[in-house]
Amino acid sequence: MSTPTIGVLALQGDVREHLVALAAADALARPVRRPEELAEVDALVMPGGESTTISKLAVLFGLMEPLRERVAAGMPVYGTCAGMIMLADKILDGRDDQETVGGIDMTVRRNAFGRQNESFETAIPFAGLGDPVTGVFIRAPWVEAVGAGVEVLAEVPAADGPDARIVAVRQGNLLATSFHPELTGDHRVHEYFVRMVEAAAR
């Protein structure tokens with residue numbers, strides 16, 4: 001395909017940083033705030049922020065149903081942090097009225113790694129990317145459980161026991177990470193997503 005056009009959901013979060021990372025990964029990147037803008041892109045990134053706020057704004061801007069329709073139709077989407085929550089079929093510790101786009105058969109726990117002052121960085125082996133990536137975790141979720149169709153791409157050791165915490169997953173054309181690769185200057189996760197978009201268009 002020609003250079004893919006990838007939108008960044010521009011309701012809250014690290015929109016500019018994702019636009020820069022996508023451009024560095026050889027995609028045409030543009031912000032998406034309205035349904036007509038969503039209709040013009042091949043794929044979408046859902047950035048971090050506050051998941052309940054993003055959910056409410058998506059409804060307010062008339063984006064929630066078009067997003068669900070595009071995901072159901074196979075549009076590639078990459079969600080980071082709050083974007084991971086938006087792609088989850090089930091949420092733990094969410095608000096009772098919180099809506100998600102869904103699409104990934106996983107259960108995600110909000111703010112699982114702690115509060116803002118417990119943010120941290122760590123090196124994470126990521127399937128298919130060679131050297132570890134730097135994971136920046138800011139009030140980040142983790143994945144409690146995945147369905148049979150979900151591929152686990154990255155985990156970090158649990159602080160409170162022997163089990164690892166799932167922090168990156170893929171199901172079909174949907175990709176999600178607990179962490180923020182757009183804040184590191186390492187664009188390999190965005191390059192991975194761009195390759196997913198190109199493969200989906202073949």
# chains A, B, ... in the order shown; residues from 1 in each chain; ligands from 1

$ residues_around --residues "A:Gly74" --least-positions-apart "2" --cutoff "12 Å" --atoms "only C-alpha atoms" --output "list in words"
Asp42, Ala43, Leu44, Leu67, Arg68, Glu69, Arg70, Val71, Ala72, Pro76, Val77, Gly103, Ile104, Gln171, Gly172, Asn173, Leu174, Met196, Val197, Ala199, Ala200 and Ala201 of chain A

$ select_by_dssp --residues "stretch 78-151 of chain A" --states "alpha helix (DSSP H)" --output "list in words"
Ala82, Gly83, Met84, Ile85, Met86 and Leu87 of chain A

$ residues_around --residues "stretch 125-133 of chain A" --least-positions-apart "2" --cutoff "9 Å" --atoms "only C-alpha atoms" --output "VMD selection string"
chain A and resid 122 to 123 135 152 to 156 168 181 184 186 188 to 189 192

$ write_last_selection --atoms "N, CA and C atoms" --output "compact mmCIF listing (two decimals), in the first residue's frame"
# COMPACT_ATOMS: atom_id res chain seq x y z
N THR A 122 11.19 1.02 33.04
CA THR A 122 11.92 -0.24 33.11
C THR A 122 12.12 -0.80 31.71
N ALA A 123 13.16 -1.60 31.53
CA ALA A 123 13.42 -2.25 30.25
C ALA A 123 12.51 -3.47 30.12
N GLY A 135 9.88 0.92 28.97
CA GLY A 135 8.49 1.12 29.33
C GLY A 135 8.36 2.25 30.32
N VAL A 152 0.19 -12.43 23.97
CA VAL A 152 0.91 -11.61 24.96
C VAL A 152 2.28 -11.26 24.38
N LEU A 153 2.57 -9.97 24.28
CA LEU A 153 3.81 -9.49 23.67
C LEU A 153 4.86 -9.06 24.69
N ALA A 154 4.43 -8.66 25.88
CA ALA A 154 5.39 -8.20 26.88
C ALA A 154 4.81 -8.34 28.28
N GLU A 155 5.71 -8.64 29.22
CA GLU A 155 5.35 -8.75 30.63
C GLU A 155 6.45 -8.11 31.47
N VAL A 156 6.09 -7.71 32.70
CA VAL A 156 7.08 -7.24 33.67
C VAL A 156 6.91 -8.06 34.95
N ALA A 168 1.62 -5.79 27.38
CA ALA A 168 1.44 -5.55 25.95
C ALA A 168 0.77 -6.77 25.33
N PRO A 181 5.42 4.25 24.88
CA PRO A 181 6.64 4.30 24.06
C PRO A 181 6.82 5.64 23.36
N THR A 184 9.69 8.03 24.78
CA THR A 184 11.07 7.56 24.93
C THR A 184 12.01 7.91 23.79
N ASP A 186 12.24 6.02 21.26
CA ASP A 186 12.39 4.72 20.61
C ASP A 186 11.07 4.43 19.90
N ARG A 188 10.16 1.89 17.90
CA ARG A 188 9.99 0.54 17.37
C ARG A 188 8.57 0.00 17.58
N VAL A 189 7.91 0.36 18.67
CA VAL A 189 6.54 -0.11 18.86
C VAL A 189 5.62 0.54 17.83
N TYR A 192 6.19 -1.20 14.63
CA TYR A 192 5.48 -2.49 14.68
C TYR A 192 4.02 -2.26 14.28

$ closest_residue --among "A:Leu175, A:Leu183, A:Ile124, A:Ala27" --to "A:Gly79" --atoms "only C-alpha atoms"
A:Leu175

$ residues_around --residues "A:Val32" --least-positions-apart "5" --cutoff "10 Å" --atoms "only C-alpha atoms" --output "MDAnalysis selection string"
chainID A and resid 6:11 15 37:41 44:46 63

$ write_last_selection --atoms "C-alpha atoms" --output "compact mmCIF listing (two decimals), in the first residue's frame"
# COMPACT_ATOMS: atom_id res chain seq x y z
CA ILE A 6 -2.92 6.92 10.89
CA GLY A 7 -5.01 9.09 13.15
CA VAL A 8 -4.37 9.90 16.80
CA LEU A 9 -7.49 10.26 18.93
CA ALA A 10 -7.05 13.88 20.01
CA LEU A 11 -9.38 14.13 22.99
CA VAL A 15 -1.34 13.41 21.07
CA GLU A 37 -11.91 12.72 10.52
CA LEU A 38 -12.05 9.10 11.70
CA ALA A 39 -13.54 8.09 8.35
CA GLU A 40 -10.47 9.47 6.54
CA VAL A 41 -7.79 7.39 8.30
CA LEU A 44 -5.92 4.91 14.81
CA VAL A 45 -3.83 5.39 17.94
CA MET A 46 -5.64 5.90 21.24
CA LEU A 63 -17.04 9.07 18.19

$ closest_residue --among "A:Ala158, A:Ala112, A:Met106, A:Ile85" --to "A:Ser55" --atoms "only C-alpha atoms"
A:Ile85

$ closest_residue --among "A:Ala148, A:Val101, A:Leu28, A:Leu19" --to "A:Asp89" --atoms "only C-alpha atoms"
A:Val101

$ closest_residue --among "A:Glu144, A:Glu50, A:Glu198, A:Glu99" --to "A:Glu65" --atoms "only C-alpha atoms"
A:Glu99

$ residues_around --residues "A:Val20" --least-positions-apart "6" --cutoff "10 Å" --atoms "only C-alpha atoms" --output "ChimeraX atom specification"
/A:27-30,182,185,187

$ write_last_selection --atoms "N, CA and C atoms" --output "PDB file, in the first residue's frame"
ATOM      1  N   ALA A  27       4.674   6.966   8.701  1.00  0.00           N
ATOM      2  CA  ALA A  27       3.231   7.051   8.470  1.00  0.00           C
ATOM      3  C   ALA A  27       2.835   8.521   8.323  1.00  0.00           C
ATOM      4  N   LEU A  28       1.729   8.757   7.639  1.00  0.00           N
ATOM      5  CA  LEU A  28       1.103  10.075   7.652  1.00  0.00           C
ATOM      6  C   LEU A  28       0.221  10.131   8.890  1.00  0.00           C
ATOM      7  N   ALA A  29       0.489  11.081   9.764  1.00  0.00           N
ATOM      8  CA  ALA A  29      -0.207  11.130  11.049  1.00  0.00           C
ATOM      9  C   ALA A  29      -1.038  12.395  11.147  1.00  0.00           C
ATOM     10  N   ARG A  30      -2.254  12.237  11.670  1.00  0.00           N
ATOM     11  CA  ARG A  30      -3.119  13.409  11.827  1.00  0.00           C
ATOM     12  C   ARG A  30      -4.018  13.224  13.046  1.00  0.00           C
ATOM     13  N   GLU A 182       5.762   6.423  23.238  1.00  0.00           N
ATOM     14  CA  GLU A 182       5.874   7.723  22.564  1.00  0.00           C
ATOM     15  C   GLU A 182       6.705   8.723  23.357  1.00  0.00           C
ATOM     16  N   GLY A 185      11.487   8.262  22.624  1.00  0.00           N
ATOM     17  CA  GLY A 185      12.344   8.452  21.454  1.00  0.00           C
ATOM     18  C   GLY A 185      12.659   7.159  20.726  1.00  0.00           C
ATOM     19  N   HIS A 187      11.102   4.422  18.573  1.00  0.00           N
ATOM     20  CA  HIS A 187       9.858   4.336  17.806  1.00  0.00           C
ATOM     21  C   HIS A 187       9.542   2.923  17.325  1.00  0.00           C
TER      22      HIS A 187
END

$ closest_residue --among "A:Ala23, A:Met64, A:Cys81, A:Met86" --to "A:Thr52" --atoms "only C-alpha atoms"
A:Met86
